[in-house]
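Trainee: Next comes query-v5.pdb, PDB, C-alpha atoms:
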```
ATOM      1  CA  MET P   1      -9.165  -1.452  15.583
ATOM      2  CA  THR P   2     -12.837  -2.137  16.235
ATOM      3  CA  GLN P   3     -13.590   1.583  16.097
ATOM      4  CA  ARG P   4     -11.423   2.372  13.053
ATOM      5  CA  GLY P   5     -12.021  -0.687  10.919
ATOM      6  CA  LYS P   6     -12.010  -4.440  10.929
ATOM      7  CA  GLY P   7      -9.735  -7.419  10.368
ATOM      8  CA  TRP P   8     -10.091 -11.039   9.274
ATOM      9  CA  VAL P   9      -7.945 -14.115   9.615
ATOM     10  CA  CYS P  10      -7.894 -17.402   7.753
ATOM     11  CA  GLU P  11      -7.089 -20.519   9.729
ATOM     12  CA  VAL P  12      -6.127 -23.875   8.277
ATOM     13  CA  GLU P  13      -5.956 -26.762  10.743
ATOM     14  CA  GLY P  14      -5.733 -24.330  13.656
ATOM     15  CA  GLU P  15      -2.956 -22.183  12.182
ATOM     16  CA  ILE P  16      -3.390 -18.640  10.926
ATOM     17  CA  VAL P  17      -2.281 -18.611   7.288
ATOM     18  CA  GLY P  18      -3.479 -15.160   6.236
ATOM     19  CA  PHE P  19      -5.101 -11.966   7.426
ATOM     20  CA  SER P  20      -6.470  -8.649   6.211
ATOM     21  CA  ILE P  21      -7.206  -5.327   7.893
ATOM     22  CA  VAL P  22      -9.041  -2.284   6.561
ATOM     23  CA  ASP P  23      -9.062   1.177   8.159
ATOM     24  CA  LEU P  24     -12.244   3.270   7.804
ATOM     25  CA  LYS P  25     -10.649   6.430   9.213
ATOM     26  CA  GLU P  26      -7.800   6.500   6.680
ATOM     27  CA  ASN P  27      -9.821   4.723   3.963
ATOM     28  CA  ASN P  28      -7.118   2.185   3.288
ATOM     29  CA  VAL P  29      -6.412  -1.502   3.282
ATOM     30  CA  TRP P  30      -3.709  -1.681   5.880
ATOM     31  CA  ALA P  31      -2.827  -5.326   5.291
ATOM     32  CA  LEU P  32      -3.633  -8.403   3.250
ATOM     33  CA  PHE P  33      -1.023 -11.090   3.736
ATOM     34  CA  LEU P  34      -0.745 -14.837   3.221
ATOM     35  CA  ARG P  35       1.920 -17.322   4.126
ATOM     36  CA  PRO P  36       3.622 -18.141   0.799
ATOM     37  CA  GLU P  37       2.699 -21.817   0.870
ATOM     38  CA  PHE P  38      -1.001 -20.843   0.907
ATOM     39  CA  GLU P  39      -0.896 -18.587  -2.154
ATOM     40  CA  ASN P  40      -2.904 -19.537  -5.262
ATOM     41  CA  LYS P  41      -5.551 -21.407  -3.261
ATOM     42  CA  GLY P  42      -8.259 -18.713  -3.315
ATOM     43  CA  ILE P  43      -7.591 -17.595   0.264
ATOM     44  CA  GLY P  44      -6.290 -14.167  -0.736
ATOM     45  CA  LYS P  45      -9.267 -13.592  -3.018
ATOM     46  CA  GLU P  46     -11.683 -14.537  -0.247
ATOM     47  CA  LEU P  47      -9.975 -12.312   2.337
ATOM     48  CA  HIS P  48     -10.031  -9.532  -0.248
ATOM     49  CA  ARG P  49     -13.739 -10.063  -0.972
ATOM     50  CA  LEU P  50     -14.652 -10.085   2.724
ATOM     51  CA  THR P  51     -12.606  -6.941   3.345
ATOM     52  CA  MET P  52     -14.014  -5.009   0.412
ATOM     53  CA  ASP P  53     -17.630  -6.103   0.935
ATOM     54  CA  TRP P  54     -17.467  -5.015   4.569
ATOM     55  CA  TYR P  55     -15.690  -1.737   3.771
ATOM     56  CA  PHE P  56     -18.213  -0.706   1.133
ATOM     57  CA  SER P  57     -21.113  -1.698   3.387
ATOM     58  CA  LYS P  58     -19.864   0.997   5.789
ATOM     59  CA  THR P  59     -18.876   3.773   3.337
ATOM     60  CA  LYS P  60     -18.894   4.595  -0.347
ATOM     61  CA  GLN P  61     -15.574   6.458  -0.093
ATOM     62  CA  ALA P  62     -12.809   5.181  -2.356
ATOM     63  CA  VAL P  63     -10.270   2.988  -0.598
ATOM     64  CA  TRP P  64      -6.527   2.891  -1.249
ATOM     65  CA  LEU P  65      -3.529   0.719  -0.511
ATOM     66  CA  GLY P  66       0.180   0.670  -1.193
ATOM     67  CA  THR P  67       2.348  -2.264  -2.193
ATOM     68  CA  ALA P  68       5.879  -2.806  -3.419
ATOM     69  CA  PRO P  69       6.304  -2.502  -7.187
ATOM     70  CA  ASN P  70       6.952  -5.523  -9.406
ATOM     71  CA  THR P  71       5.622  -8.049  -6.896
ATOM     72  CA  LYS P  72       2.995 -10.785  -6.836
ATOM     73  CA  ALA P  73       0.928  -8.451  -4.645
ATOM     74  CA  GLU P  74       0.960  -5.737  -7.302
ATOM     75  CA  ARG P  75      -0.288  -8.212  -9.910
ATOM     76  CA  PHE P  76      -2.917  -9.582  -7.480
ATOM     77  CA  TYR P  77      -4.439  -6.141  -6.940
ATOM     78  CA  GLU P  78      -4.467  -5.417 -10.675
ATOM     79  CA  LEU P  79      -6.358  -8.679 -11.239
ATOM     80  CA  GLN P  80      -8.872  -7.722  -8.531
ATOM     81  CA  GLY P  81      -9.699  -4.493 -10.370
ATOM     82  CA  TRP P  82      -7.638  -1.946  -8.429
ATOM     83  CA  LYS P  83      -6.410   1.097 -10.391
ATOM     84  CA  LYS P  84      -2.867   2.440 -10.102
ATOM     85  CA  VAL P  85      -3.035   6.095  -9.132
ATOM     86  CA  GLY P  86       0.586   6.958  -8.299
ATOM     87  CA  MET P  87       3.189   6.297  -5.671
ATOM     88  CA  VAL P  88       2.993   6.453  -1.880
ATOM     89  CA  ASN P  89       5.248   6.056   1.142
ATOM     90  CA  LYS P  90       8.772   5.087   0.099
ATOM     91  CA  GLY P  91       8.228   4.071  -3.503
ATOM     92  CA  GLU P  92       5.180   1.841  -3.127
ATOM     93  CA  VAL P  93       2.613   1.658  -5.899
ATOM     94  CA  LYS P  94      -0.593   3.356  -4.768
ATOM     95  CA  PHE P  95      -3.817   1.641  -5.806
ATOM     96  CA  GLU P  96      -7.393   2.864  -5.459
ATOM     97  CA  MET P  97     -10.765   1.104  -5.597
ATOM     98  CA  THR P  98     -14.010   3.033  -5.915
ATOM     99  CA  TYR P  99     -17.388   1.766  -4.809
ATOM    100  CA  GLU P 100     -18.570   1.848  -8.422
ATOM    101  CA  ASP P 101     -15.631  -0.285  -9.592
ATOM    102  CA  TRP P 102     -16.188  -2.758  -6.758
ATOM    103  CA  VAL P 103     -19.867  -3.373  -7.452
ATOM    104  CA  ARG P 104     -19.178  -4.024 -11.146
TER     105      ARG P 104
END
```
Produce structure tokens that represent the structure in this file.
Mentor:
Amino acid sequence: MTQRGKGWVCEVEGEIVGFSIVDLKENNVWALFLRPEFENKGIGKELHRLTMDWYFSKTKQAVWLGTAPNTKAERFYELQGWKKVGMVNKGEVKFEMTYEDWVR
């Protein structure tokens, strides 16, 4: 992972409550997950910010991710400025973020 990308974790009182991983080789966010009881506390937004800031400090290539349709995750990414660009994998919504959209 250290050669392909980077990951972050959030700990609360010694317990991991969320993590994110981005892959520079495939230009995608591989994961951004939180334990449900820690949603809506700003942790996801901070993990997202850290991930995207680091990614775009390494490359200006657009980054993509896939998530299940009609979920809280889909809405989260829309609110963070991701653009729907189609479908991927087995029916996941494919999102893309460009460098230009991120720095706005």
Trainee: Taking only residues of region 23-47 of chain P that have an atom at most 12 Å from an atom of region 72-92 of chain P, what is each one's shortest atom pair and its distance in Å to one decimal, using all atoms listed in the file, in chain and number order, as a Markdown table?
Mentor:
```
| residue | atom | partner | partner_atom | distance |
| --- | --- | --- | --- | --- |
| P:Val29 | CA | P:Tyr77 | CA | 11.4 |
| P:Ala31 | CA | P:Ala73 | CA | 11.1 |
| P:Leu32 | CA | P:Ala73 | CA | 9.1 |
| P:Phe33 | CA | P:Ala73 | CA | 9.0 |
| P:Leu34 | CA | P:Ala73 | CA | 10.3 |
| P:Pro36 | CA | P:Lys72 | CA | 10.6 |
| P:Glu39 | CA | P:Lys72 | CA | 9.9 |
| P:Asn40 | CA | P:Phe76 | CA | 10.2 |
| P:Gly42 | CA | P:Phe76 | CA | 11.4 |
| P:Gly44 | CA | P:Phe76 | CA | 8.8 |
| P:Lys45 | CA | P:Gln80 | CA | 8.1 |
| P:Glu46 | CA | P:Gln80 | CA | 11.1 |
| P:Leu47 | CA | P:Gln80 | CA | 11.8 |
```
Trainee: Those selected residues, please, written with C-alpha atoms and delivered as a JSON list (two decimals), keeping the file's coordinate frame.
Mentor:
```json
[["chain", "number", "residue", "atom", "x", "y", "z"],
["P", 29, "VAL", "CA", -6.41, -1.50, 3.28],
["P", 31, "ALA", "CA", -2.83, -5.33, 5.29],
["P", 32, "LEU", "CA", -3.63, -8.40, 3.25],
["P", 33, "PHE", "CA", -1.02, -11.09, 3.74],
["P", 34, "LEU", "CA", -0.74, -14.84, 3.22],
["P", 36, "PRO", "CA", 3.62, -18.14, 0.80],
["P", 39, "GLU", "CA", -0.90, -18.59, -2.15],
["P", 40, "ASN", "CA", -2.90, -19.54, -5.26],
["P", 42, "GLY", "CA", -8.26, -18.71, -3.32],
["P", 44, "GLY", "CA", -6.29, -14.17, -0.74],
["P", 45, "LYS", "CA", -9.27, -13.59, -3.02],
["P", 46, "GLU", "CA", -11.68, -14.54, -0.25],
["P", 47, "LEU", "CA", -9.98, -12.31, 2.34]]
```
Trainee: Run the PyMOL selection byres ((chain P and resi 19) around 10) mentally over the shown coordinates, then write out the matched residues as number ranges by chain, using the chain letters and numbers from the document.
Mentor: P: 7-11, 16-18, 20-21, 31-35, 43-44, 47-48, 51
Trainee: Quick one, how far is CA of Trp102 (chain P) from CA of Lys60 (chain P)?
Mentor: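 CA of Lys60 (chain P) lies 10.1 Å from CA of Trp102 (chain P).
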Trainee: Name the residues captured by the PyMOL selection byres ((chain P and resi 103) around 12) when it is applied to the shown file; answer as a ChimeraX atom specification.
Mentor: /P:49,52-53,56-57,60,80-81,97-102,104
Trainee: What is the distance, in Å and to one decimal place, between CA of Thr67 (chain P) and CA of Lys6 (chain P)?
Mentor: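 So the answer is 19.6 Å.
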Trainee: What is the distance, in Å and to one decimal place, between CA of Val22 (chain P) and CA of Gln61 (chain P)?
Mentor: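 Interatomic distance, CA of Val22 (chain P) to CA of Gln61 (chain P): 12.8 Å.
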Trainee: P:Glu96, P:Pro69, P:Val63, P:Glu13: which is nearest Glu26 (chain P), counting only C-alpha atoms?
Mentor: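 Nearest to Glu26 (chain P): P:Val63.
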Trainee: Using only C-alpha atoms, which residue out of P:Val12, P:Lys94, P:Lys41, P:Asn28 lies closest to Ala68 (chain P)?
Mentor: P:Lys94
Trainee: Measuring between all atoms listed in the file, which one of P:Thr59, P:Gly66, P:Trp54, P:Phe95 shows the shortest distance to Trp30 (chain P)?
Mentor: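 The answer is P:Gly66, which sits nearest to Trp30 (chain P).
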Trainee: Mind writing region 72-98 of chain P to a file for me, with N, CA and C atoms, as a compact mmCIF listing (two decimals), in the first residue's frame?
Mentor:
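See out-v2.txt below for the written result:
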```
# COMPACT_ATOMS: atom_id res chain seq x y z
N LYS P 72 -26.55 6.21 2.00
CA LYS P 72 -26.00 7.40 2.64
C LYS P 72 -24.65 7.75 2.02
N ALA P 73 -23.89 6.75 1.62
CA ALA P 73 -22.58 7.00 1.00
C ALA P 73 -22.76 7.75 -0.32
N GLU P 74 -23.74 7.35 -1.12
CA GLU P 74 -23.96 8.04 -2.39
C GLU P 74 -24.27 9.52 -2.13
N ARG P 75 -25.12 9.80 -1.18
CA ARG P 75 -25.47 11.18 -0.85
C ARG P 75 -24.25 11.93 -0.31
N PHE P 76 -23.44 11.28 0.53
CA PHE P 76 -22.23 11.89 1.08
C PHE P 76 -21.32 12.38 -0.04
N TYR P 77 -21.06 11.51 -1.02
CA TYR P 77 -20.15 11.89 -2.10
C TYR P 77 -20.72 13.02 -2.96
N GLU P 78 -22.01 13.00 -3.18
CA GLU P 78 -22.64 14.11 -3.91
C GLU P 78 -22.41 15.43 -3.16
N LEU P 79 -22.60 15.41 -1.85
CA LEU P 79 -22.41 16.61 -1.04
C LEU P 79 -20.96 17.08 -1.01
N GLN P 80 -20.02 16.17 -1.22
CA GLN P 80 -18.60 16.53 -1.23
C GLN P 80 -18.15 17.01 -2.61
N GLY P 81 -19.05 17.03 -3.58
CA GLY P 81 -18.72 17.57 -4.90
C GLY P 81 -18.37 16.56 -5.96
N TRP P 82 -18.50 15.26 -5.67
CA TRP P 82 -18.23 14.23 -6.66
C TRP P 82 -19.31 14.26 -7.74
N LYS P 83 -18.92 13.91 -8.97
CA LYS P 83 -19.85 13.88 -10.11
C LYS P 83 -20.12 12.43 -10.50
N LYS P 84 -21.40 12.10 -10.67
CA LYS P 84 -21.77 10.77 -11.17
C LYS P 84 -21.39 10.68 -12.63
N VAL P 85 -20.68 9.60 -12.98
CA VAL P 85 -20.24 9.44 -14.37
C VAL P 85 -20.69 8.11 -14.98
N GLY P 86 -21.45 7.32 -14.25
CA GLY P 86 -21.92 6.04 -14.80
C GLY P 86 -22.02 4.99 -13.73
N MET P 87 -21.86 3.75 -14.18
CA MET P 87 -21.93 2.61 -13.28
C MET P 87 -20.62 1.82 -13.40
N VAL P 88 -20.31 1.08 -12.35
CA VAL P 88 -19.07 0.31 -12.31
C VAL P 88 -19.33 -0.96 -11.50
N ASN P 89 -18.44 -1.91 -11.66
CA ASN P 89 -18.52 -3.18 -10.94
C ASN P 89 -19.89 -3.81 -11.15
N LYS P 90 -20.53 -4.21 -10.08
CA LYS P 90 -21.83 -4.90 -10.19
C LYS P 90 -22.96 -3.96 -9.80
N GLY P 91 -23.11 -2.89 -10.57
CA GLY P 91 -24.22 -1.98 -10.32
C GLY P 91 -23.94 -0.84 -9.38
N GLU P 92 -22.68 -0.61 -9.04
CA GLU P 92 -22.34 0.54 -8.20
C GLU P 92 -22.37 1.83 -9.02
N VAL P 93 -22.70 2.93 -8.34
CA VAL P 93 -22.62 4.24 -8.95
C VAL P 93 -21.15 4.63 -9.02
N LYS P 94 -20.70 5.05 -10.20
CA LYS P 94 -19.32 5.50 -10.35
C LYS P 94 -19.28 7.02 -10.26
N PHE P 95 -18.43 7.50 -9.36
CA PHE P 95 -18.23 8.93 -9.15
C PHE P 95 -16.82 9.29 -9.59
N GLU P 96 -16.64 10.56 -9.99
CA GLU P 96 -15.33 11.07 -10.35
C GLU P 96 -15.13 12.45 -9.74
N MET P 97 -13.89 12.73 -9.36
CA MET P 97 -13.50 14.04 -8.84
C MET P 97 -12.27 14.47 -9.62
N THR P 98 -12.32 15.66 -10.21
CA THR P 98 -11.16 16.20 -10.90
C THR P 98 -10.40 17.11 -9.95
```
